[in-house]
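Okay, coords-v8.cif is below, mmCIF, C-alpha atoms:
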data_target
#
loop_
_atom_site.label_atom_id
_atom_site.label_comp_id
_atom_site.auth_asym_id
_atom_site.auth_seq_id
_atom_site.Cartn_x
_atom_site.Cartn_y
_atom_site.Cartn_z
CA MET A 19 29.82 8.83 13.68
CA THR A 20 31.23 5.64 15.14
CA THR A 21 32.56 2.85 12.96
CA ALA A 22 29.85 0.47 14.18
CA ARG A 23 27.09 2.93 13.34
CA LEU A 24 28.60 3.58 9.92
CA LYS A 25 28.78 -0.16 9.32
CA TYR A 26 25.09 -0.55 10.16
CA LEU A 27 24.13 2.29 7.85
CA LEU A 28 26.17 0.85 5.00
CA ALA A 29 24.68 -2.58 5.60
CA ALA A 30 21.16 -1.19 5.49
CA ALA A 31 21.92 0.71 2.29
CA ALA A 32 23.44 -2.42 0.74
CA ALA A 33 20.40 -4.47 1.71
CA LEU A 34 18.23 -1.95 -0.03
CA VAL A 35 20.29 -1.77 -3.20
CA LEU A 36 20.81 -5.51 -3.51
CA GLN A 37 17.18 -6.43 -3.05
CA PRO A 38 15.13 -7.01 -6.17
CA LEU A 39 12.44 -4.49 -6.91
CA CYS A 40 8.93 -5.80 -7.06
CA TRP A 41 5.60 -4.40 -8.04
CA ALA A 42 4.09 -1.86 -5.69
CA GLY A 43 0.70 -2.52 -7.27
CA GLU A 44 -1.10 -0.14 -4.96
CA GLY A 45 -3.31 1.42 -7.54
CA PRO A 46 -3.58 4.98 -8.68
CA PHE A 47 -4.87 6.70 -5.54
CA PHE A 48 -3.07 9.53 -3.76
CA ILE A 49 -5.53 10.17 -0.94
CA THR A 50 -7.79 7.15 -0.66
CA TYR A 51 -6.52 4.03 1.07
CA THR A 52 -7.64 0.60 0.00
CA HIS A 53 -7.52 -2.49 2.21
CA GLN A 54 -4.41 -3.74 0.44
CA MET A 55 -1.58 -4.17 2.93
CA GLU A 56 2.15 -4.10 2.27
CA GLU A 57 3.54 -7.60 1.88
CA PRO A 58 5.35 -8.79 5.01
CA GLY A 59 9.04 -7.84 4.88
CA ASN A 60 8.68 -5.57 1.84
CA LEU A 61 9.65 -1.90 1.97
CA GLU A 62 8.10 0.59 -0.39
CA PHE A 63 9.51 4.05 -1.07
CA ALA A 64 7.42 6.75 -2.56
CA PHE A 65 7.61 10.45 -3.25
CA LYS A 66 4.34 12.29 -3.62
CA THR A 67 4.12 15.92 -4.61
CA VAL A 68 1.16 18.25 -4.82
CA MET A 69 1.36 21.53 -6.68
CA GLY A 70 -1.19 24.32 -6.32
CA LYS A 71 -1.78 28.03 -6.13
CA PRO A 72 -4.32 29.43 -3.69
CA ASP A 73 -6.13 32.65 -4.59
CA GLY A 74 -3.98 35.56 -3.47
CA GLY A 75 -1.14 33.25 -2.43
CA ASN A 76 2.02 31.93 -3.99
CA ARG A 77 2.43 28.70 -5.94
CA PHE A 78 3.59 25.83 -3.71
CA PHE A 79 4.97 22.32 -3.96
CA GLY A 80 4.17 20.07 -1.02
CA THR A 81 6.22 16.85 -0.99
CA VAL A 82 6.29 13.77 1.19
CA ALA A 83 8.83 10.98 1.28
CA GLU A 84 7.08 7.80 2.29
CA PHE A 85 8.57 4.59 3.72
CA GLU A 86 6.05 1.77 4.01
CA TYR A 87 6.95 -1.55 5.62
CA GLY A 88 4.93 -4.72 5.92
CA VAL A 89 5.41 -5.80 9.53
CA THR A 90 3.03 -8.75 9.25
CA GLY A 91 0.29 -9.78 6.88
CA TRP A 92 -2.24 -7.74 8.89
CA TRP A 93 -0.06 -4.81 10.03
CA THR A 94 1.57 -2.18 7.83
CA SER A 95 3.61 0.67 9.27
CA GLU A 96 4.58 3.83 7.43
CA LEU A 97 6.75 6.89 8.05
CA TYR A 98 6.26 10.15 6.18
CA LEU A 99 8.69 13.05 6.04
CA ASP A 100 6.98 16.24 4.89
CA GLY A 101 8.40 19.34 3.25
CA GLN A 102 7.27 22.11 1.01
CA ALA A 103 8.55 24.88 -1.20
CA THR A 104 6.62 28.06 -1.84
CA ARG A 105 7.49 30.57 -4.52
CA ARG A 106 9.23 33.66 -3.09
CA GLU A 107 9.08 32.13 0.42
CA GLY A 108 11.67 29.36 0.27
CA ALA A 109 11.55 25.68 1.24
CA LEU A 110 11.29 24.01 4.61
CA PHE A 111 10.86 20.69 6.36
CA THR A 112 7.42 20.67 7.93
CA GLY A 113 7.39 17.52 10.07
CA TYR A 114 6.74 13.81 10.12
CA ARG A 115 3.89 11.36 10.39
CA TRP A 116 3.85 7.79 11.60
CA GLU A 117 0.93 5.67 10.57
CA ASN A 118 -0.13 2.11 11.23
CA ARG A 119 -2.79 0.14 9.44
CA PHE A 120 -4.40 -2.97 10.85
CA ARG A 121 -6.47 -5.32 8.77
CA LEU A 122 -9.41 -6.43 10.88
CA LEU A 123 -10.63 -9.52 9.00
CA SER A 124 -8.31 -12.30 7.96
CA HIS A 125 -10.16 -13.39 4.82
CA GLU A 126 -11.34 -11.46 1.81
CA HIS A 127 -14.97 -10.30 1.97
CA TRP A 128 -17.26 -8.07 -0.05
CA ILE A 129 -16.28 -5.19 2.23
CA ASN A 130 -12.94 -5.35 4.03
CA PRO A 131 -12.32 -3.03 6.98
CA VAL A 132 -8.90 -1.69 7.95
CA LEU A 133 -8.20 0.48 10.99
CA TYR A 134 -5.72 3.30 10.44
CA LEU A 135 -4.01 5.15 13.30
CA GLU A 136 -1.56 7.99 12.78
CA PHE A 137 0.44 10.45 14.84
CA GLU A 138 1.40 13.69 13.11
CA ASN A 139 3.99 16.17 14.31
CA ILE A 140 3.90 18.87 11.67
CA ASN A 141 3.72 22.63 11.57
CA GLY A 142 1.17 24.97 10.06
CA ALA A 143 3.20 25.43 6.89
CA ASP A 144 2.67 21.79 5.88
CA LYS A 145 1.12 21.62 2.42
CA SER A 146 1.27 17.92 1.65
CA LEU A 147 -2.55 17.74 1.66
CA LEU A 148 -2.60 14.02 2.37
CA GLU A 149 -6.11 14.43 3.69
CA ILE A 150 -8.68 17.19 3.86
CA VAL A 151 -10.58 17.56 7.15
CA ASN A 152 -12.67 20.14 8.94
CA HIS A 153 -12.87 23.42 7.00
CA ASP A 154 -9.35 23.14 5.51
CA GLY A 155 -9.31 25.43 2.51
CA GLN A 156 -7.25 27.65 0.31
CA GLU A 157 -7.16 30.36 2.96
CA ALA A 158 -4.81 28.22 5.07
CA LEU A 159 -2.74 27.33 2.00
CA GLY A 160 -2.13 31.03 1.41
CA SER A 161 -0.65 31.71 4.86
CA PRO A 162 2.98 32.88 4.58
CA ASN A 163 5.58 30.31 5.65
CA ALA A 164 7.20 32.81 7.98
CA GLU A 165 4.07 32.80 10.15
CA ALA A 166 2.61 29.35 9.55
CA ARG A 167 5.80 27.49 10.45
CA PHE A 168 5.43 28.50 14.11
CA GLU A 169 2.07 26.82 14.48
CA LYS A 170 2.64 23.36 15.96
CA LYS A 171 0.27 20.56 15.01
CA ARG A 172 0.55 17.40 17.03
CA GLU A 173 -2.43 15.38 16.00
CA MET A 174 -3.85 11.91 16.24
CA GLU A 175 -5.74 10.68 13.25
CA ALA A 176 -7.93 7.64 12.81
CA LYS A 177 -9.46 6.31 9.64
CA LEU A 178 -11.87 3.53 8.95
CA ILE A 179 -10.89 2.15 5.56
CA LEU A 180 -13.39 0.02 3.69
CA GLY A 181 -12.26 -1.66 0.52
CA SER A 182 -13.75 -4.00 -2.07
CA TYR A 183 -12.60 -5.66 -5.27
CA VAL A 184 -15.49 -6.30 -7.64
CA LYS A 185 -14.87 -7.77 -11.09
CA GLY A 186 -11.58 -5.95 -11.52
CA TRP A 187 -12.81 -2.71 -9.97
CA THR A 188 -11.29 -1.38 -6.76
CA ILE A 189 -13.73 0.54 -4.59
CA ALA A 190 -12.59 2.21 -1.37
CA GLU A 191 -14.17 4.49 1.22
CA ASN A 192 -12.28 6.24 4.02
CA PHE A 193 -13.85 7.97 7.01
CA ILE A 194 -11.41 10.28 8.80
CA ALA A 195 -11.39 11.64 12.37
CA GLU A 196 -8.53 13.88 13.54
CA LYS A 197 -7.79 15.51 16.88
CA ASN A 198 -5.07 17.86 17.99
CA VAL A 199 -3.62 16.34 21.16
CA ARG A 200 -3.78 19.65 23.06
CA HIS A 201 -6.84 21.49 21.92
CA ALA A 202 -9.31 21.96 19.07
CA PRO A 203 -12.35 19.82 18.35
CA PHE A 204 -12.56 16.51 16.55
CA GLU A 205 -12.28 17.14 12.82
CA PHE A 206 -13.78 14.94 10.16
CA GLY A 207 -13.23 14.20 6.50
CA TYR A 208 -13.74 11.55 3.87
CA ALA A 209 -12.19 10.11 0.74
CA VAL A 210 -13.67 7.69 -1.76
CA GLY A 211 -12.09 6.22 -4.84
CA VAL A 212 -12.82 3.86 -7.71
CA SER A 213 -10.23 2.41 -10.08
CA ARG A 214 -9.52 -0.45 -12.43
CA PRO A 215 -6.70 -1.62 -14.72
CA LEU A 216 -7.11 -1.12 -18.45
CA ALA A 217 -6.68 -4.86 -19.05
CA MET A 218 -7.62 -7.71 -16.74
CA ALA A 219 -5.36 -10.46 -18.10
CA ALA A 220 -1.58 -10.18 -18.27
CA ARG A 221 0.32 -10.51 -21.50
CA PRO A 222 2.89 -13.33 -21.64
CA ASP A 223 5.78 -11.02 -22.46
CA ARG A 224 7.51 -8.51 -20.20
CA CYS A 225 6.26 -5.11 -21.32
CA ASN A 226 6.19 -1.46 -20.35
CA PHE A 227 3.54 -0.19 -22.73
CA CYS A 228 0.76 -2.67 -22.16
CA ALA A 229 -2.72 -2.03 -20.85
CA GLU A 230 -2.37 -4.30 -17.81
CA ASN A 231 0.27 -1.90 -16.44
CA VAL A 232 -2.05 1.10 -16.46
CA GLN A 233 -4.71 1.77 -13.86
CA VAL A 234 -7.19 4.60 -14.08
CA GLY A 235 -9.56 5.89 -11.44
CA VAL A 236 -11.15 8.83 -9.78
CA GLU A 237 -11.02 10.11 -6.23
CA LEU A 238 -13.41 12.35 -4.35
CA TYR A 239 -12.30 13.78 -1.02
CA GLY A 240 -13.07 16.63 1.33
CA GLY A 241 -13.83 17.90 4.81
CA LEU A 242 -16.87 17.27 6.96
CA GLY A 243 -16.43 19.94 9.63
CA THR A 244 -16.04 19.26 13.33
CA HIS A 245 -18.10 17.55 16.01
CA GLU A 246 -19.50 20.99 16.83
CA GLN A 247 -20.16 21.99 13.22
CA PHE A 248 -20.59 18.74 11.36
CA GLY A 249 -21.54 18.98 7.70
CA VAL A 250 -20.34 20.13 4.32
CA GLY A 251 -21.09 23.86 4.76
CA GLY A 252 -17.93 25.92 4.21
CA THR A 253 -15.78 22.87 3.59
CA SER A 254 -13.45 21.99 0.70
CA HIS A 255 -14.05 19.15 -1.71
CA TYR A 256 -12.09 17.88 -4.68
CA ILE A 257 -12.68 15.52 -7.55
CA ALA A 258 -9.52 14.05 -9.04
CA PRO A 259 -9.11 11.67 -11.98
CA THR A 260 -5.94 9.65 -11.50
CA VAL A 261 -3.67 7.41 -13.55
CA ALA A 262 -0.92 5.00 -12.48
CA TRP A 263 1.57 3.42 -14.83
CA THR A 264 3.80 0.61 -13.56
CA LEU A 265 6.95 -0.10 -15.55
CA ALA A 266 8.15 -3.65 -16.07
CA SER A 267 10.90 -2.93 -13.54
CA GLY A 268 8.27 -2.34 -10.85
CA THR A 269 8.54 1.43 -10.58
CA THR A 270 5.13 3.08 -10.52
CA LEU A 271 4.42 6.60 -11.77
CA ARG A 272 1.20 8.37 -10.81
CA ILE A 273 -0.42 11.63 -11.80
CA SER A 274 -3.69 13.17 -10.76
CA PRO A 275 -5.15 16.59 -11.55
CA GLY A 276 -7.64 17.64 -8.84
CA PHE A 277 -10.39 20.18 -9.18
CA GLY A 278 -11.93 22.07 -6.27
CA THR A 279 -15.71 21.90 -6.28
CA THR A 280 -16.54 24.54 -3.66
CA GLY A 281 -15.60 28.16 -3.13
CA THR A 282 -13.30 27.34 -0.22
CA SER A 283 -11.36 24.68 -2.19
CA ALA A 284 -8.18 25.50 -4.08
CA GLY A 285 -9.18 25.73 -7.73
CA TYR A 286 -6.66 23.22 -9.07
CA LEU A 287 -4.20 20.78 -7.55
CA LEU A 288 -1.78 18.68 -9.54
CA ARG A 289 -0.41 15.59 -7.82
CA PHE A 290 2.35 13.38 -9.10
CA GLY A 291 4.38 10.63 -7.54
CA VAL A 292 6.80 7.78 -7.99
CA SER A 293 7.11 4.63 -5.93
CA TYR A 294 9.13 1.46 -5.91
CA GLU A 295 9.29 -1.50 -3.63
CA ALA A 296 12.19 -3.57 -2.29
CA ALA A 297 11.12 -7.20 -1.87
CA GLN A 298 11.92 -8.90 1.43
CA PHE A 299 13.95 -5.96 2.66
CA GLY A 300 13.49 -6.96 6.29
CA ARG A 301 14.96 -10.42 5.76
CA ALA A 302 17.91 -9.04 3.80
CA ALA A 303 18.67 -6.46 6.48
CA ARG A 304 18.49 -9.08 9.24
CA ASN A 305 20.83 -11.38 7.33
CA LEU A 306 23.31 -8.58 6.72
CA PHE A 307 23.41 -7.63 10.38
CA ARG A 308 24.01 -11.27 11.21
CA GLY A 309 26.86 -11.42 8.72
CA GLY A 310 25.08 -13.45 6.08
CA ARG A 311 24.35 -12.69 2.45
CA PRO A 312 21.57 -10.27 1.56
CA MET B 25 11.01 -31.61 30.90
CA SER B 26 12.81 -33.59 28.22
CA THR B 27 9.48 -35.15 27.16
CA LEU B 28 8.05 -31.64 26.78
CA ARG B 29 11.03 -30.57 24.65
CA ILE B 30 10.73 -33.62 22.42
CA GLY B 31 7.00 -32.95 22.09
CA CYS B 32 7.61 -29.33 21.09
CA PHE B 33 10.31 -30.41 18.62
CA LEU B 34 8.01 -32.96 16.98
CA ALA B 35 5.17 -30.43 16.87
CA ALA B 36 7.48 -27.88 15.19
CA ILE B 37 8.54 -30.47 12.61
CA GLY B 38 4.90 -31.35 12.03
CA ILE B 39 3.92 -27.71 11.47
CA ALA B 40 6.88 -27.14 9.17
CA ALA B 41 6.11 -30.30 7.20
CA ALA B 42 2.47 -29.30 6.86
CA GLY B 43 3.55 -25.93 5.40
CA GLY B 44 1.81 -25.05 2.16
CA GLY B 45 -0.27 -28.18 2.24
CA ALA B 46 -2.06 -27.03 5.39
CA LEU B 47 -2.97 -23.72 3.80
CA VAL B 48 -4.38 -25.49 0.76
CA GLN B 49 -6.34 -27.76 3.08
CA SER B 50 -7.83 -24.79 4.87
CA ALA B 51 -9.78 -23.80 1.74
CA PRO B 52 -13.49 -24.63 1.91
CA ALA B 53 -14.62 -27.62 -0.14
CA ILE B 54 -16.83 -25.45 -2.32
CA ALA B 55 -13.75 -23.59 -3.60
CA ALA B 56 -12.51 -26.76 -5.30
CA LYS B 57 -15.58 -26.76 -7.55
CA LEU B 58 -14.53 -23.53 -9.25
CA GLN B 59 -13.44 -24.15 -12.83
CA ASN B 60 -10.38 -22.43 -14.27
CA PRO B 61 -11.65 -20.42 -17.25
CA LEU B 62 -8.10 -20.16 -18.65
CA GLU B 63 -7.28 -23.88 -18.39
CA SER B 64 -6.92 -24.25 -22.17
CA ASP B 65 -5.58 -20.76 -22.88
CA GLU B 66 -2.11 -21.20 -24.36
CA HIS B 67 -1.05 -17.73 -23.17
CA ALA B 68 -2.03 -18.41 -19.57
CA PRO B 69 1.07 -20.41 -18.44
CA PRO B 70 3.67 -17.91 -19.73
CA ALA B 71 1.61 -15.00 -18.47
CA GLY B 72 1.26 -16.80 -15.14
CA ALA B 73 5.03 -17.37 -15.06
CA LYS B 74 5.58 -13.65 -15.53
CA LEU B 75 3.10 -12.85 -12.76
CA TYR B 76 4.65 -15.49 -10.50
CA ALA B 77 8.09 -13.95 -10.94
CA ARG B 78 6.66 -10.55 -10.11
CA GLU B 79 4.35 -11.39 -7.23
CA CYS B 80 5.46 -14.67 -5.66
CA ALA B 81 9.12 -15.47 -6.40
CA SER B 82 10.57 -13.16 -3.74
CA CYS B 83 9.07 -15.44 -1.06
CA HIS B 84 8.54 -18.84 -2.72
CA GLY B 85 11.73 -18.82 -4.79
CA VAL B 86 12.35 -18.44 -8.50
CA ASN B 87 11.76 -22.14 -9.10
CA ARG B 88 8.96 -22.47 -6.54
CA GLU B 89 11.40 -24.29 -4.27
CA GLY B 90 10.31 -22.37 -1.16
CA ARG B 91 12.30 -20.38 1.35
CA ARG B 92 12.54 -20.19 5.09
CA ASN B 93 9.11 -18.71 5.75
CA ALA B 94 7.37 -19.73 2.54
CA PRO B 95 6.78 -23.38 1.58
CA SER B 96 7.74 -24.97 -1.71
CA LEU B 97 4.98 -24.86 -4.30
CA ASN B 98 6.37 -27.99 -5.96
CA ARG B 99 5.04 -30.07 -3.07
CA PRO B 100 2.53 -32.82 -3.93
CA ALA B 101 -0.14 -31.20 -1.77
CA VAL B 102 0.02 -28.04 -3.87
CA GLN B 103 0.37 -29.83 -7.20
CA ALA B 104 -2.60 -32.03 -6.45
CA ALA B 105 -4.81 -29.20 -5.28
CA ALA B 106 -7.81 -28.26 -7.40
CA PRO B 107 -7.44 -25.03 -9.41
CA GLY B 108 -10.31 -23.49 -7.44
CA THR B 109 -8.53 -24.25 -4.17
CA LEU B 110 -5.36 -22.49 -5.32
CA PHE B 111 -7.48 -19.60 -6.53
CA TRP B 112 -9.08 -19.38 -3.08
CA VAL B 113 -5.65 -19.32 -1.40
CA LEU B 114 -4.47 -16.54 -3.72
CA ARG B 115 -7.60 -14.50 -3.02
CA ASN B 116 -7.56 -14.88 0.75
CA GLY B 117 -3.97 -15.54 1.67
CA SER B 118 -3.26 -16.37 5.29
CA LEU B 119 -2.48 -13.14 7.02
CA HIS B 120 -1.39 -14.75 10.27
CA ARG B 121 1.10 -17.00 8.49
CA GLY B 122 2.54 -14.17 6.41
CA MET B 123 0.88 -15.11 3.12
CA PRO B 124 -0.68 -11.90 1.77
CA SER B 125 -3.94 -11.75 -0.10
CA PHE B 126 -3.63 -11.21 -3.85
CA ALA B 127 -7.23 -10.14 -4.26
CA HIS B 128 -5.98 -6.86 -5.70
CA LEU B 129 -4.97 -8.73 -8.85
CA PRO B 130 -7.80 -9.08 -11.36
CA GLU B 131 -9.37 -12.54 -11.40
CA ALA B 132 -7.91 -13.30 -14.83
CA GLN B 133 -4.38 -12.74 -13.53
CA ARG B 134 -4.98 -14.97 -10.52
CA TRP B 135 -6.21 -17.73 -12.83
CA GLN B 136 -3.09 -17.24 -14.96
CA ILE B 137 -0.94 -17.82 -11.87
CA VAL B 138 -2.96 -20.93 -10.98
CA THR B 139 -2.52 -22.26 -14.52
CA TYR B 140 1.23 -21.74 -14.26
CA LEU B 141 1.45 -23.41 -10.83
CA ARG B 142 -0.32 -26.51 -12.11
CA GLY B 143 1.66 -26.56 -15.33
CA ARG B 144 4.28 -29.11 -14.35
#

Output the file's structure as structure tokens, nothing else.
Amino acid sequence: MTTARLKYLLAAAAALVLQPLCWAGEGPFFITYTHQMEEPGNLEFAFKTVMGKPDGGNRFFGTVAEFEYGVTGWWTSELYLDGQATRREGALFTGYRWENRFRLLSHEHWINPVLYLEFENINGADKSLLEIVNHDGQEALGSPNAEARFEKKREMEAKLILGSYVKGWTIAENFIAEKNVRHAPFEFGYAVGVSRPLAMAARPDRCNFCAENVQVGVELYGGLGTHEQFGVGGTSHYIAPTVAWTLASGTTLRISPGFGTTGTSAGYLLRFGVSYEAAQFGRAARNLFRGGRP
Amino acid sequence: MSTLRIGCFLAAIGIAAAGGGALVQSAPAIAAKLQNPLESDEHAPPAGAKLYARECASCHGVNREGRRNAPSLNRPAVQAAAPGTLFWVLRNGSLHRGMPSFAHLPEAQRWQIVTYLRGR
């Protein structure tokens, strides 16, 4: 590694460490997107893990590392690095995803649309379960890593995200369309979620254990088949209560047990995650590269 | 050419000077009629200060003094704005100017921030 490259890496790391943390405030959802965008210049880090055990398969942990950056007020870009570990089969890196979300209306309305576009380059062993489409089910989750890892999945995914805030409630609906760039039909899925904080007004003091820091909700998500076989027959669906707790420092912890509601769904999925956000990371990084203070 | 440069320079100064005031002025007149339900709540200003530090200070500065891309909130245009107007700005933001929407905060918390902003 050259000295210049090392200097840039150290500068970026310093910018990250020196920046104040701020509230991620994204709500308790794991699967459902709301219309909330990342604040311009902020960088959010998150780790999300899903644990499950398909019938006849081994227990697995699917994990994603997520880097979300607010490019502008209406454009948020996000990089995911996926990996998984399966009992008795080892751990592996399964690929990456790059997503972009574009807010379509500048002002807040009753229903606020956001367009989501993503490119995925993952393999068949990926078990992050960030969305359920087509007839995805526990059969695929039970495939041995030694075989599944050789299946390449280069896919484009689009979502129409609709979000509303009504009297403290967050309501979001996502419609998903996915297409392998080489073959396979268009695949469809959905996710809907409702959440609200336990308290609407903030307390005057800085607190960890106060109701305003806790959000509760429920998500419902599943597959809708393909353009050739559209519908819910033979598809997987889950219902998942979810809780998010944001500490006074800004770190958010989330947990969500999910329950499969059809025979093709995995019976039980447990999701948990942690996220934190560096305020104005972009500005600090630019200043560091220009020789200024972070 | 020099006339064009001077014109651009003056326009840039004008836009910069307008800053936060222009965003406040972009709120519809009906927004100003909204009453702050927490106006007389003694907990609202300190709670608003806490929320300001959490949500706004990274851009507008710890003392509301403003930074390069975010105007000072101590400006007369902001201080003189009706509570409902500030509430409208918090709800809608101005996505093309880099001011995010804070509609994800419950209404009570947005009113707490407004109460704090108008507190001095």

Compute the set of chain A residues within 8 Å of chain B, using only C-alpha atoms, and express it as a ChimeraX atom specification. /A:40-41,54-55,57-58,90-92,124-126,183,185-186,188,218-224,297-298

Extract, using all atoms listed in the file, all DNA, RNA and protein residues at most 12 Å from Ala158 of chain A, discarding same-chain residues fewer than 5 positions from it, and format them as an NGL selection string. :A and (71-76 or 142-145 or 147 or 150 or 152-153 or 163 or 165-167 or 169 or 254 or 282-284)

Spatial neighbours of segment 111-118 of chain A, 7 Å, only C-alpha atoms, chain gap at least 5 places, as a short mmCIF file (atom, residue, chain, number, x, y, z; two decimals) with C-alpha atoms, in the coordinates of the input:
data_model
loop_
_atom_site.label_atom_id
_atom_site.label_comp_id
_atom_site.auth_asym_id
_atom_site.auth_seq_id
_atom_site.Cartn_x
_atom_site.Cartn_y
_atom_site.Cartn_z
CA THR A 94 1.57 -2.18 7.83
CA SER A 95 3.61 0.67 9.27
CA GLU A 96 4.58 3.83 7.43
CA LEU A 97 6.75 6.89 8.05
CA TYR A 98 6.26 10.15 6.18
CA LEU A 99 8.69 13.05 6.04
CA ASP A 100 6.98 16.24 4.89
CA GLY A 101 8.40 19.34 3.25
CA GLN A 102 7.27 22.11 1.01
CA TYR A 134 -5.72 3.30 10.44
CA LEU A 135 -4.01 5.15 13.30
CA GLU A 136 -1.56 7.99 12.78
CA PHE A 137 0.44 10.45 14.84
CA GLU A 138 1.40 13.69 13.11
CA ASN A 139 3.99 16.17 14.31
CA ILE A 140 3.90 18.87 11.67
CA ASN A 141 3.72 22.63 11.57
CA ALA A 143 3.20 25.43 6.89
CA ASP A 144 2.67 21.79 5.88
#

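Using all atoms listed in the file for every distance, the candidate list A:Gly278, A:Gly88, A:Gly207, A:Gly70 yields A:Gly207 as the residue closest to Phe193 of chain A.
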
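The residues returned by the PyMOL selection byres ((chain B and resi 92) around 12) on the shown structure are Gln298 and Arg301 of chain A; Ala40, Gly43, Ser82, Cys83, His84, Gly85, Glu89, Gly90, Arg91, Asn93, Ala94, Pro95, Ser96 and Gly122 of chain B.
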
For Leu242 of chain A, the nearest of the candidates A:Ile129, A:Ala195, A:Leu110, A:Val184, counting all atoms listed in the file: A:Ala195

Apply the PyMOL selection byres ((chain A and resi 48) around 9) to the file shown and report the selected residues as a ChimeraX atom specification. /A:45-47,49-51,66,148,237,260,272-274,289-291

Give as a PyMOL selection string the residues that the PyMOL selection byres ((chain B and resi 141) around 9) matches when applied to the coordinates above. chain B and resi 69+72-73+76+88+97-98+102-103+110+136-140+142-144

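Using all atoms listed in the file, the nearest neighbour of Ile54 of chain B within the list B:Asn87, B:Ala104, B:Thr109, B:Arg99 is B:Thr109.
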
Atomic separation - atom CA of Val250 of chain A relative to atom CA of Gly281 of chain A, Å: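 The value is 11.9 Å.
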
Residues near Lys57 of chain B, cut-off 10 Å, only C-alpha atoms, skip fewer than 2 positions along chain, as a list in words: Pro52, Ala53, Ile54, Ala55, Gln59, Asn60, Ala106, Pro107, Gly108 and Thr109 of chain B

In Å and to one decimal, atom CA of Ala296 of chain A is distant from atom CA of Leu61 of chain A by 5.2 Å

Enclose segment 77-93 of chain B, meaning all of its atoms listed in the file, in a box aligned along x, y and z, pad it by 8 Å on each side, and list the centre and edge lengths in Å to one decimal, as lines of an AutoDock Vina configuration file.
center_x = 8.4
center_y = -17.4
center_z = -2.6
size_x = 24.2
size_y = 29.7
size_z = 32.7
